[in-house]
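One file, model.txt, is given below (compact mmCIF, C-alpha atoms).
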# COMPACT_ATOMS: atom_id res chain seq x y z
CA MET A 1 -79.86 78.33 46.18
CA PHE A 2 -80.96 75.22 44.28
CA ASP A 3 -79.14 71.94 43.80
CA ASP A 4 -79.53 69.14 41.28
CA SER A 5 -80.94 66.61 43.73
CA LYS A 6 -84.57 67.25 42.80
CA PRO A 7 -86.62 69.34 40.39
CA ILE A 8 -86.67 73.04 41.24
CA PHE A 9 -90.46 73.19 41.67
CA GLN A 10 -90.08 70.63 44.46
CA GLN A 11 -87.31 72.65 46.07
CA ILE A 12 -89.54 75.74 45.93
CA ALA A 13 -92.35 73.80 47.63
CA ASP A 14 -89.88 72.49 50.24
CA THR A 15 -88.52 75.98 50.91
CA ILE A 16 -92.00 77.39 51.52
CA ALA A 17 -92.91 74.34 53.63
CA ASN A 18 -89.82 74.92 55.79
CA ASP A 19 -90.75 78.59 56.12
CA ILE A 20 -94.18 77.53 57.37
CA VAL A 21 -92.65 75.17 59.95
CA ARG A 22 -90.25 77.91 61.12
CA GLY A 23 -93.08 80.42 61.41
CA THR A 24 -91.99 82.74 58.61
CA TYR A 25 -95.51 82.19 57.30
CA ASN A 26 -98.37 81.57 59.71
CA GLU A 27 -101.50 79.65 58.92
CA GLU A 28 -103.91 81.76 56.83
CA ASP A 29 -101.02 84.03 55.76
CA HIS A 30 -100.98 85.25 52.17
CA LEU A 31 -98.17 83.48 50.28
CA PRO A 32 -96.14 85.31 47.61
CA SER A 33 -97.60 85.12 44.11
CA THR A 34 -96.13 82.99 41.33
CA ASN A 35 -94.55 86.06 39.72
CA GLU A 36 -93.12 87.36 42.99
CA LEU A 37 -91.54 83.98 43.69
CA ALA A 38 -90.20 83.74 40.13
CA VAL A 39 -88.45 87.12 40.34
CA PHE A 40 -87.19 86.51 43.89
CA TYR A 41 -85.70 83.09 43.17
CA ARG A 42 -84.80 83.98 39.53
CA ILE A 43 -86.72 81.04 38.14
CA ASN A 44 -89.21 80.45 35.38
CA PRO A 45 -92.73 81.51 36.48
CA ALA A 46 -94.14 78.16 35.33
CA THR A 47 -91.77 76.45 37.79
CA ALA A 48 -92.87 78.75 40.62
CA ALA A 49 -96.53 78.00 39.79
CA LYS A 50 -95.80 74.28 39.85
CA GLY A 51 -94.19 74.62 43.28
CA LEU A 52 -97.22 76.45 44.67
CA ASN A 53 -99.60 73.93 43.11
CA LEU A 54 -97.69 71.10 44.73
CA LEU A 55 -98.38 72.73 48.11
CA VAL A 56 -102.07 72.94 47.19
CA ASP A 57 -102.10 69.23 46.24
CA GLN A 58 -100.52 68.40 49.60
CA GLY A 59 -103.16 70.41 51.46
CA ILE A 60 -100.56 72.86 52.77
CA ALA A 61 -101.77 75.86 50.78
CA TYR A 62 -105.12 76.79 49.28
CA LYS A 63 -106.25 79.13 46.55
CA LYS A 64 -108.64 82.04 47.02
CA ARG A 65 -110.01 82.87 43.62
CA GLY A 66 -108.68 86.18 42.32
CA ILE A 67 -106.72 86.91 45.51
CA GLY A 68 -103.95 84.35 45.65
CA MET A 69 -102.49 81.55 47.68
CA PHE A 70 -102.80 81.13 51.47
CA VAL A 71 -101.33 78.82 54.08
CA ALA A 72 -103.97 76.20 54.90
CA PRO A 73 -105.23 75.86 58.48
CA GLY A 74 -103.49 72.87 60.05
CA ALA A 75 -100.57 73.11 57.60
CA ARG A 76 -97.95 73.34 60.34
CA ARG A 77 -99.23 70.15 62.00
CA VAL A 78 -99.19 68.31 58.66
CA LEU A 79 -95.64 69.46 57.91
CA HIS A 80 -94.43 68.68 61.42
CA ASP A 81 -95.71 65.10 61.11
CA ARG A 82 -94.23 64.79 57.66
CA LYS A 83 -90.80 65.94 58.88
CA LYS A 84 -90.99 63.49 61.78
CA ASN A 85 -91.74 60.61 59.43
CA GLU A 86 -88.92 61.70 57.11
CA LEU A 87 -86.50 61.81 60.03
CA ILE A 88 -87.39 58.26 61.05
CA ALA A 89 -87.50 56.95 57.49
CA THR A 90 -84.17 58.40 56.38
CA ASN A 91 -81.87 59.66 59.14
CA VAL A 92 -82.61 57.13 61.87
CA GLN A 93 -82.58 54.15 59.54
CA GLN A 94 -79.35 55.37 57.97
CA LEU A 95 -77.72 55.95 61.36
CA VAL A 96 -78.68 52.51 62.66
CA HIS A 97 -77.58 50.86 59.42
CA ASP A 98 -74.20 52.66 59.37
CA ALA A 99 -73.61 52.03 63.09
CA HIS A 100 -74.31 48.34 62.60
CA ALA A 101 -71.99 48.20 59.56
CA LEU A 102 -69.21 49.82 61.62
CA GLY A 103 -69.68 47.33 64.45
CA ILE A 104 -71.19 49.79 66.97
CA ASP A 105 -73.56 47.72 69.07
CA LEU A 106 -77.05 48.85 70.07
CA GLU A 107 -76.10 49.66 73.65
CA ALA A 108 -73.19 51.87 72.56
CA LEU A 109 -75.42 53.60 70.01
CA ILE A 110 -78.07 54.30 72.64
CA THR A 111 -75.39 55.71 74.95
CA LEU A 112 -74.14 58.00 72.17
CA ILE A 113 -77.67 59.22 71.44
CA THR A 114 -78.36 59.77 75.14
CA GLN A 115 -75.22 61.89 75.42
CA GLU A 116 -76.22 64.04 72.44
CA TYR A 117 -79.86 64.47 73.45
CA PRO A 118 -80.54 67.83 75.17
CA HIS A 119 -81.30 67.48 78.91
CA ASP A 120 -83.58 70.00 80.53
CA MET B 121 -98.91 74.09 15.08
CA THR B 122 -100.35 77.45 16.13
CA ASP B 123 -98.83 77.23 19.59
CA ASN B 124 -95.33 77.18 18.13
CA ALA B 125 -93.83 80.63 17.64
CA ILE B 126 -90.84 79.18 15.81
CA ASN B 127 -90.60 76.10 13.60
CA LEU B 128 -87.46 74.79 11.93
CA SER B 129 -87.57 71.80 9.66
CA GLY B 130 -84.51 70.24 8.08
CA VAL B 131 -82.61 73.52 8.40
CA THR B 132 -79.05 73.45 7.07
CA ARG B 133 -76.74 76.44 6.84
CA ARG B 134 -73.37 76.11 5.12
CA PHE B 135 -70.65 78.72 4.93
CA GLY B 136 -68.40 77.46 2.15
CA SER B 137 -67.16 74.07 3.29
CA VAL B 138 -68.33 74.62 6.88
CA THR B 139 -71.71 73.23 7.87
CA ALA B 140 -72.82 75.48 10.72
CA LEU B 141 -76.26 73.87 11.00
CA ASP B 142 -76.99 70.37 9.81
CA GLU B 143 -80.65 69.43 9.22
CA VAL B 144 -81.98 71.01 12.37
CA THR B 145 -85.61 70.28 13.11
CA THR B 146 -87.11 71.76 16.24
CA SER B 147 -89.73 74.15 17.46
CA ILE B 148 -90.17 76.73 20.20
CA LYS B 149 -93.56 77.28 21.78
CA THR B 150 -95.17 80.69 21.96
CA GLY B 151 -94.56 82.39 25.28
CA GLN B 152 -91.80 80.07 26.44
CA ILE B 153 -88.22 80.82 27.45
CA CYS B 154 -85.91 78.59 25.44
CA GLY B 155 -82.26 78.09 26.41
CA LEU B 156 -79.89 77.47 23.52
CA LEU B 157 -76.82 75.61 24.76
CA GLY B 158 -73.72 74.03 23.30
CA SER B 159 -70.00 74.63 22.96
CA ASN B 160 -68.47 77.39 20.85
CA GLY B 161 -69.04 76.79 17.17
CA ALA B 162 -72.03 74.51 17.82
CA GLY B 163 -74.28 76.75 15.69
CA LYS B 164 -76.18 78.76 18.32
CA THR B 165 -75.63 82.21 16.81
CA THR B 166 -76.31 80.92 13.28
CA LEU B 167 -79.60 79.47 14.49
CA MET B 168 -80.60 82.75 16.13
CA SER B 169 -79.65 84.73 13.00
CA LEU B 170 -81.96 82.51 10.95
CA ILE B 171 -84.82 82.97 13.40
CA ALA B 172 -84.29 86.74 13.38
CA GLY B 173 -84.23 86.75 9.58
CA HIS B 174 -80.74 88.24 9.44
CA ASP B 175 -79.73 85.24 7.36
CA GLN B 176 -81.38 82.51 5.32
CA PRO B 177 -80.86 78.75 5.41
CA THR B 178 -78.98 76.93 2.66
CA ASP B 179 -81.65 74.26 2.89
CA GLY B 180 -84.79 73.59 4.87
CA ARG B 181 -87.45 75.90 6.23
CA VAL B 182 -87.54 78.43 9.08
CA GLU B 183 -90.92 79.82 10.14
CA VAL B 184 -91.63 82.51 12.70
CA HIS B 185 -95.32 82.98 13.42
CA GLY B 186 -95.92 80.97 10.25
CA LYS B 187 -93.81 83.22 8.00
CA ARG B 188 -90.32 82.91 6.58
CA PRO B 189 -88.32 85.52 8.50
CA PHE B 190 -85.64 86.34 5.90
CA GLU B 191 -86.23 89.84 4.54
CA SER B 192 -89.72 89.85 6.03
CA ALA B 193 -90.65 93.27 7.38
CA ALA B 194 -93.54 91.70 9.28
CA VAL B 195 -91.26 89.27 11.14
CA ALA B 196 -88.54 91.90 11.66
CA ALA B 197 -91.03 94.15 13.46
CA GLN B 198 -91.87 91.29 15.85
CA THR B 199 -88.26 90.30 16.53
CA CYS B 200 -85.35 91.74 18.47
CA PHE B 201 -81.88 90.23 18.14
CA ILE B 202 -78.87 92.34 19.09
CA ARG B 203 -75.62 90.56 18.36
CA ASP B 204 -72.87 90.48 20.94
CA ASN B 205 -70.61 92.41 18.56
CA GLN B 206 -73.24 95.06 17.74
CA ARG B 207 -71.55 98.34 16.70
CA TYR B 208 -73.12 101.76 16.90
CA PRO B 209 -72.12 104.80 14.84
CA ASP B 210 -68.94 106.35 16.24
CA ASP B 211 -70.47 109.43 17.85
CA TYR B 212 -73.42 107.54 19.37
CA LYS B 213 -74.15 107.96 23.05
CA LEU B 214 -76.75 106.11 25.14
CA THR B 215 -79.52 108.60 24.24
CA HIS B 216 -78.91 108.19 20.49
CA ALA B 217 -79.17 104.43 20.73
CA LEU B 218 -82.38 104.65 22.78
CA ARG B 219 -83.85 107.33 20.50
CA ILE B 220 -83.37 105.36 17.26
CA ALA B 221 -84.72 102.10 18.70
CA PRO B 222 -88.49 102.78 18.21
CA ALA B 223 -87.85 103.03 14.46
CA PHE B 224 -87.07 99.31 14.49
CA HIS B 225 -89.27 98.14 17.34
CA PRO B 226 -92.97 99.06 17.22
CA HIS B 227 -93.54 97.75 20.77
CA TRP B 228 -90.68 99.89 22.19
CA ASP B 229 -91.24 101.25 25.72
CA SER B 230 -89.00 104.28 26.17
CA ASP B 231 -89.81 104.80 29.88
CA TYR B 232 -88.82 101.23 30.56
CA ALA B 233 -85.62 101.63 28.51
CA GLN B 234 -84.72 104.67 30.61
CA GLU B 235 -85.46 102.77 33.82
CA LEU B 236 -83.26 99.83 32.75
CA ALA B 237 -80.40 102.11 31.64
CA GLU B 238 -80.44 103.71 35.10
CA ASN B 239 -80.79 100.33 36.80
CA PHE B 240 -77.66 99.09 34.97
CA ARG B 241 -75.96 102.47 35.60
CA LEU B 242 -75.21 103.06 31.93
CA PRO B 243 -73.20 106.27 31.42
CA THR B 244 -75.02 109.03 29.51
CA LYS B 245 -72.02 111.16 28.54
CA THR B 246 -69.70 108.44 27.19
CA ASP B 247 -69.62 107.48 23.49
CA THR B 248 -70.89 103.92 23.10
CA LYS B 249 -67.66 103.04 21.27
CA LYS B 250 -65.89 103.63 24.59
CA PHE B 251 -68.29 101.40 26.54
CA SER B 252 -66.72 98.48 28.39
CA ARG B 253 -67.74 94.92 27.46
CA GLY B 254 -70.11 94.86 30.43
CA GLN B 255 -71.65 98.21 29.49
CA LEU B 256 -72.21 97.04 25.91
CA SER B 257 -73.95 93.94 27.29
CA ALA B 258 -76.08 96.06 29.62
CA LEU B 259 -77.00 98.33 26.68
CA ALA B 260 -77.98 95.30 24.56
CA ILE B 261 -80.06 93.93 27.45
CA THR B 262 -81.76 97.31 27.87
CA MET B 263 -82.56 97.61 24.17
CA THR B 264 -83.67 94.00 23.83
CA LEU B 265 -85.99 94.03 26.87
CA ALA B 266 -87.43 97.48 26.09
CA SER B 267 -88.15 96.35 22.52
CA ARG B 268 -90.90 94.18 24.05
CA ALA B 269 -90.56 92.19 20.83
CA PRO B 270 -92.85 89.11 20.72
CA ILE B 271 -89.74 87.17 19.65
CA THR B 272 -86.93 88.31 21.94
CA ILE B 273 -83.46 86.86 21.30
CA PHE B 274 -80.39 87.11 23.53
CA ASP B 275 -76.96 85.92 22.40
CA GLU B 276 -74.80 85.34 25.47
CA PRO B 277 -76.17 88.53 27.02
CA TYR B 278 -73.99 88.31 30.14
CA LEU B 279 -70.54 88.90 28.55
CA GLY B 280 -68.50 91.13 30.83
CA LEU B 281 -71.24 91.38 33.46
CA ASP B 282 -70.23 90.71 37.06
CA VAL B 283 -72.32 88.41 39.22
CA SER B 284 -74.48 91.21 40.69
CA ALA B 285 -75.24 92.62 37.24
CA ARG B 286 -76.12 89.12 36.02
CA HIS B 287 -78.49 88.62 38.93
CA LYS B 288 -80.06 91.97 38.10
CA PHE B 289 -80.43 90.80 34.50
CA TYR B 290 -82.18 87.56 35.52
CA GLU B 291 -84.54 89.50 37.78
CA VAL B 292 -85.51 92.14 35.21
CA LEU B 293 -85.81 89.45 32.53
CA ILE B 294 -88.24 87.39 34.59
CA GLU B 295 -90.10 90.44 35.88
CA ASP B 296 -90.62 91.86 32.39
CA TYR B 297 -91.51 88.42 31.04
CA THR B 298 -94.26 88.03 33.66
CA ARG B 299 -95.65 91.48 32.77
CA HIS B 300 -95.23 91.14 29.02
CA PRO B 301 -95.21 87.43 28.17
CA ARG B 302 -93.38 86.67 24.93
CA THR B 303 -91.20 84.07 23.29
CA ILE B 304 -87.59 84.29 24.43
CA VAL B 305 -84.59 82.51 22.93
CA LEU B 306 -81.40 82.85 24.93
CA SER B 307 -77.98 81.33 24.25
CA THR B 308 -75.66 80.77 27.18
CA HIS B 309 -72.61 78.93 28.47
CA LEU B 310 -73.65 79.65 32.07
CA VAL B 311 -75.81 76.56 32.16
CA GLY B 312 -75.92 75.97 35.90
CA GLU B 313 -76.58 79.60 36.63
CA MET B 314 -79.40 80.08 34.13
CA GLN B 315 -81.03 76.69 33.76
CA SER B 316 -83.79 77.53 36.25
CA ILE B 317 -85.19 80.27 34.02
CA PHE B 318 -85.83 78.04 31.00
CA ASP B 319 -89.05 76.29 29.98
CA HIS B 320 -87.20 74.38 27.33
CA VAL B 321 -83.61 73.60 26.44
CA ILE B 322 -81.96 72.86 23.10
CA VAL B 323 -78.35 71.62 23.04
CA LEU B 324 -76.48 71.92 19.75
CA HIS B 325 -73.23 70.17 18.84
CA HIS B 326 -71.51 70.43 15.47
CA GLY B 327 -74.66 71.98 14.02
CA LYS B 328 -76.97 69.19 15.13
CA VAL B 329 -79.60 69.07 17.85
CA HIS B 330 -78.35 66.73 20.59
CA LEU B 331 -80.91 67.44 23.21
CA ASP B 332 -84.33 69.02 22.90
CA ALA B 333 -86.27 68.79 26.13
CA ALA B 334 -88.73 70.52 28.42
CA ALA B 335 -87.14 71.80 31.63
CA ASP B 336 -89.34 69.38 33.56
CA ASP B 337 -87.67 66.45 31.83
CA LEU B 338 -84.09 67.47 32.55
CA GLN B 339 -83.67 65.17 35.54
CA SER B 340 -82.72 61.94 33.83
CA LEU B 341 -81.19 62.84 30.48
CA GLY B 342 -77.72 61.65 31.32
CA TYR B 343 -75.78 59.79 33.99
CA GLU B 344 -72.25 59.24 35.21
CA VAL B 345 -70.73 56.04 36.58
CA SER B 346 -67.54 55.86 38.60
CA GLY B 347 -65.54 53.03 40.11
CA ARG B 348 -62.61 50.75 39.30
CA ALA B 349 -61.14 51.73 35.94
CA GLU B 350 -61.42 48.35 34.20
CA THR B 351 -65.08 47.89 35.22
CA VAL B 352 -65.89 51.44 34.10
CA ARG B 353 -64.08 51.01 30.77
CA THR B 354 -65.89 47.75 29.95
CA TRP B 355 -69.25 49.34 30.77
CA ALA B 356 -68.25 52.47 28.80
CA ASP B 357 -67.37 50.44 25.67
CA GLU B 358 -70.59 48.45 25.80
CA ASN B 359 -72.80 51.49 26.33
CA ALA B 360 -71.38 54.18 24.02
CA ALA B 361 -69.99 56.49 26.68
CA MET B 362 -69.79 60.19 25.82
CA THR B 363 -66.65 60.75 27.89
CA VAL B 364 -64.27 58.62 29.97
CA ARG B 365 -61.76 60.07 32.45
CA ALA B 366 -59.39 58.26 34.77
CA VAL B 367 -57.13 58.98 37.71
CA GLY B 368 -55.10 56.13 39.21
CA SER B 369 -57.32 53.08 39.36
CA LEU B 370 -60.51 55.20 39.38
CA ALA B 371 -62.42 56.10 36.23
CA THR B 372 -65.64 57.98 35.51
CA ALA B 373 -67.70 57.83 32.33
CA THR B 374 -70.73 59.82 31.16
CA PHE B 375 -73.66 58.56 29.14
CA ALA B 376 -76.77 59.99 27.52
CA GLY B 377 -80.18 58.78 28.65
CA PRO B 378 -81.69 57.66 31.96
CA VAL B 379 -79.80 55.43 34.40
CA PRO B 380 -80.27 51.81 33.28
CA SER B 381 -81.12 49.17 35.88
CA SER B 382 -78.23 46.96 34.78
CA VAL B 383 -75.23 48.99 36.01
CA PRO B 384 -72.67 46.49 37.43
CA ALA B 385 -72.30 46.21 41.18
CA GLY B 386 -69.40 48.24 42.54
CA LEU B 387 -70.01 51.20 40.23
CA ASP B 388 -71.47 54.39 41.69
CA VAL B 389 -74.11 56.05 39.56
CA ARG B 390 -75.46 59.60 39.61
CA ASP B 391 -77.72 61.70 37.39
CA LEU B 392 -75.74 64.20 35.36
CA PRO B 393 -76.60 67.81 36.10
CA LEU B 394 -77.44 69.71 32.89
CA HIS B 395 -74.16 71.67 32.85
CA ASP B 396 -72.16 68.41 33.05
CA LEU B 397 -74.34 66.89 30.34
CA VAL B 398 -73.75 69.88 28.04
CA ALA B 399 -70.00 69.68 28.75
CA ALA B 400 -69.99 65.94 27.97
CA ILE B 401 -71.86 66.51 24.69
CA GLY B 402 -69.35 69.25 23.77
CA ASP B 403 -66.47 66.92 24.65
CA ASN B 404 -67.74 64.05 22.61
CA GLN B 405 -66.02 64.13 19.21
CA GLN B 406 -68.09 61.42 17.56
CA GLY B 407 -71.27 63.18 18.59
CA VAL B 408 -73.33 60.31 19.94
CA LYS B 409 -76.99 60.97 19.34
CA SER B 410 -78.98 60.99 22.56
Spit out the file's structure as structure tokens when you get a sec.
Amino acid sequence: MFDDSKPIFQQIADTIANDIVRGTYNEEDHLPSTNELAVFYRINPATAAKGLNLLVDQGIAYKKRGIGMFVAPGARRVLHDRKKNELIATNVQQLVHDAHALGIDLEALITLITQEYPHD
Amino acid sequence: MTDNAINLSGVTRRFGSVTALDEVTTSIKTGQICGLLGSNGAGKTTLMSLIAGHDQPTDGRVEVHGKRPFESAAVAAQTCFIRDNQRYPDDYKLTHALRIAPAFHPHWDSDYAQELAENFRLPTKTDTKKFSRGQLSALAITMTLASRAPITIFDEPYLGLDVSARHKFYEVLIEDYTRHPRTIVLSTHLVGEMQSIFDHVIVLHHGKVHLDAAADDLQSLGYEVSGRAETVRTWADENAAMTVRAVGSLATATFAGPVPSSVPAGLDVRDLPLHDLVAAIGDNQQGVKS
């Protein structure tokens, strides 16, 4: 479930964020509690709480006192934009860099991308 | 120090010429889950016996809730430590073990014990002496969790448990911990599998504490470099490597501490996952202090 690439609380936050993007959770949905997440993912409750709090800090979730955590309105938009920026910042840059290093010129790269891109 | 449930200062335990624990100083916070790691013979069980008051140190001081645990009825009532080789009287069945438990554990929850015994499918008609290794572990888990002891100690509680039973154990452990918060000390070799449940990790080697860190700080406690053997070996000699391994012209070496900025070009560097770090510490004969 988890890998060693980043702290587990971050992976918990990422997992929930992905679930929001995919529509597993809708905006204003009640998120699982710290304890529910801890048991489900078999992790320390303090780690689960840290993951949820990270989502609060990022404006993706908000706390209703005494009730729990909810998906913030506009969260999906925020996450969508964030994913888009991540794609450009990491994958595209990496692809262009690697292609250049392997001697694939820009025109050939564009042709390859055009072939892969879904047409409809 | 009131937020520490357990304090050890300068604790040494010798058995004849063998030093099982060598001036161990550490503490475990109240309400945290502490993982006790290290290779066989590192001193994990000795440390837990001292905390439980089953044994006393040769030197130094152990305190549990501010009291010395050895022969303390007050500490014993707050502690549960079932050894992995726990024996029950010959004619004991599950019910006998569960019936006697409240005599030792004032916080005992018999309904919960029953629920766990059923959850782990413990047989009711078999003598405990005929229990399999896995069933003995499941019985120890049942008794230890149902004790609801404020100091709950597990010594390699997974022996003989298959992967589904272990998952069940992690789930009930975390569930019961969230309902009845307490201090938990747990020794394990299954580092990768269990690391996510710990607040705090202590790694012992040859009776000494080699690593004592909050789970949040586990990211950069060790690193590994790999690349051409001669470059790796030079770097390893200069930087007190814990382990060096080679195949053909490739070598890898492991080090304690965060990745330095000065690693030579041409060497690949990665953070060591905790289980690799524990293995490297266990492999390291000289016992480099981290």
Using all atoms listed in the file, I'd like every residue of chain A that has an atom within 8 Å of chain B; please write them out as a ChimeraX atom specification.
/A:4,6-8,35,38-40,42-46
Correct to one decimal, the distance CA of Ser169 (chain B)-CA of Arg203 (chain B) is 8.9 Å
Skipping near chain neighbours, those fewer than 2 positions away, what residues fall within 6 Å of region 270-285 of chain B using only C-alpha atoms, listed as a count of residues only?
16
How far is it from CA of Glu143 (chain B) to CA of Gly173 (chain B), in Å with one decimal?
17.7 Å
Applying 7 Å and only C-alpha atoms, which residues near His395 (chain B) remain after dropping the ones on its own chain fewer than 3 positions away? List them as a short mmCIF file (atom, residue, chain, number, x, y, z; two decimals) with C-alpha atoms, keeping the file's coordinate frame.
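Written out: around-v8.cif:
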data_model
loop_
_atom_site.label_atom_id
_atom_site.label_comp_id
_atom_site.auth_asym_id
_atom_site.auth_seq_id
_atom_site.Cartn_x
_atom_site.Cartn_y
_atom_site.Cartn_z
CA VAL B 311 -75.81 76.56 32.16
CA GLY B 312 -75.92 75.97 35.90
CA VAL B 398 -73.75 69.88 28.04
CA ALA B 399 -70.00 69.68 28.75
#
Quick one: pull the distance between CA of His100 (chain A) and CA of Ser369 (chain B), Å, one decimal.
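These atoms are spaced 29.2 Å apart.
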Closest to Ala75 (chain A) among A:Gln11, A:Asn18, A:Gln115, A:Gln93, using all atoms listed in the file?
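Among the listed residues, A:Asn18 lies closest to Ala75 (chain A).
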Within 8 Å of region 19-24 of chain A, counting all atoms listed in the file, which residues qualify if same-chain residues fewer than 4 places away don't, as a ChimeraX atom specification?
/A:15,71,75-76,79-80
Counting only C-alpha atoms, find residues at most 7 Å from (-87.1, 96.1, 30.6) (file frame) and give them as a list in words.
Tyr232, Ala233, Leu236, Thr262, Leu265, Ala266, Val292 and Asp296 of chain B
Can we get region 54-96 of chain A of that structure written down with C-alpha atoms, as a JSON list (two decimals), in the first residue's frame?
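Written output follows (part07.json):
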[["chain", "number", "residue", "atom", "x", "y", "z"],
["A", 54, "LEU", "CA", -2.43, 18.32, 5.55],
["A", 55, "LEU", "CA", -5.59, 18.31, 3.42],
["A", 56, "VAL", "CA", -7.05, 21.02, 5.66],
["A", 57, "ASP", "CA", -3.88, 23.12, 5.27],
["A", 58, "GLN", "CA", -4.15, 22.76, 1.50],
["A", 59, "GLY", "CA", -7.78, 23.89, 1.53],
["A", 60, "ILE", "CA", -8.98, 20.53, 0.24],
["A", 61, "ALA", "CA", -10.79, 19.48, 3.40],
["A", 62, "TYR", "CA", -12.34, 21.41, 6.27],
["A", 63, "LYS", "CA", -13.28, 20.61, 9.83],
["A", 64, "LYS", "CA", -16.77, 20.84, 11.28],
["A", 65, "ARG", "CA", -16.38, 21.04, 15.01],
["A", 66, "GLY", "CA", -17.56, 17.86, 16.73],
["A", 67, "ILE", "CA", -18.71, 16.24, 13.47],
["A", 68, "GLY", "CA", -15.58, 15.57, 11.47],
["A", 69, "MET", "CA", -13.82, 16.31, 8.24],
["A", 70, "PHE", "CA", -15.49, 17.26, 4.94],
["A", 71, "VAL", "CA", -14.36, 17.77, 1.36],
["A", 72, "ALA", "CA", -14.08, 21.52, 0.77],
["A", 73, "PRO", "CA", -16.16, 23.15, -1.97],
["A", 74, "GLY", "CA", -13.90, 23.73, -4.97],
["A", 75, "ALA", "CA", -11.51, 20.96, -3.86],
["A", 76, "ARG", "CA", -11.77, 19.06, -7.13],
["A", 77, "ARG", "CA", -10.84, 22.17, -9.15],
["A", 78, "VAL", "CA", -7.84, 22.82, -6.88],
["A", 79, "LEU", "CA", -6.65, 19.23, -7.18],
["A", 80, "HIS", "CA", -7.20, 19.15, -10.94],
["A", 81, "ASP", "CA", -5.02, 22.25, -11.37],
["A", 82, "ARG", "CA", -2.42, 20.84, -9.04],
["A", 83, "LYS", "CA", -2.23, 17.58, -11.00],
["A", 84, "LYS", "CA", -1.93, 19.52, -14.25],
["A", 85, "ASN", "CA", 0.98, 21.54, -12.88],
["A", 86, "GLU", "CA", 2.64, 18.38, -11.56],
["A", 87, "LEU", "CA", 2.28, 16.73, -14.97],
["A", 88, "ILE", "CA", 3.98, 19.66, -16.69],
["A", 89, "ALA", "CA", 6.62, 20.10, -14.00],
["A", 90, "THR", "CA", 7.66, 16.46, -13.80],
["A", 91, "ASN", "CA", 6.49, 14.21, -16.64],
["A", 92, "VAL", "CA", 6.67, 16.62, -19.56],
["A", 93, "GLN", "CA", 10.01, 18.09, -18.53],
["A", 94, "GLN", "CA", 11.41, 14.60, -17.99],
["A", 95, "LEU", "CA", 10.11, 13.36, -21.34],
["A", 96, "VAL", "CA", 11.55, 16.32, -23.25]]
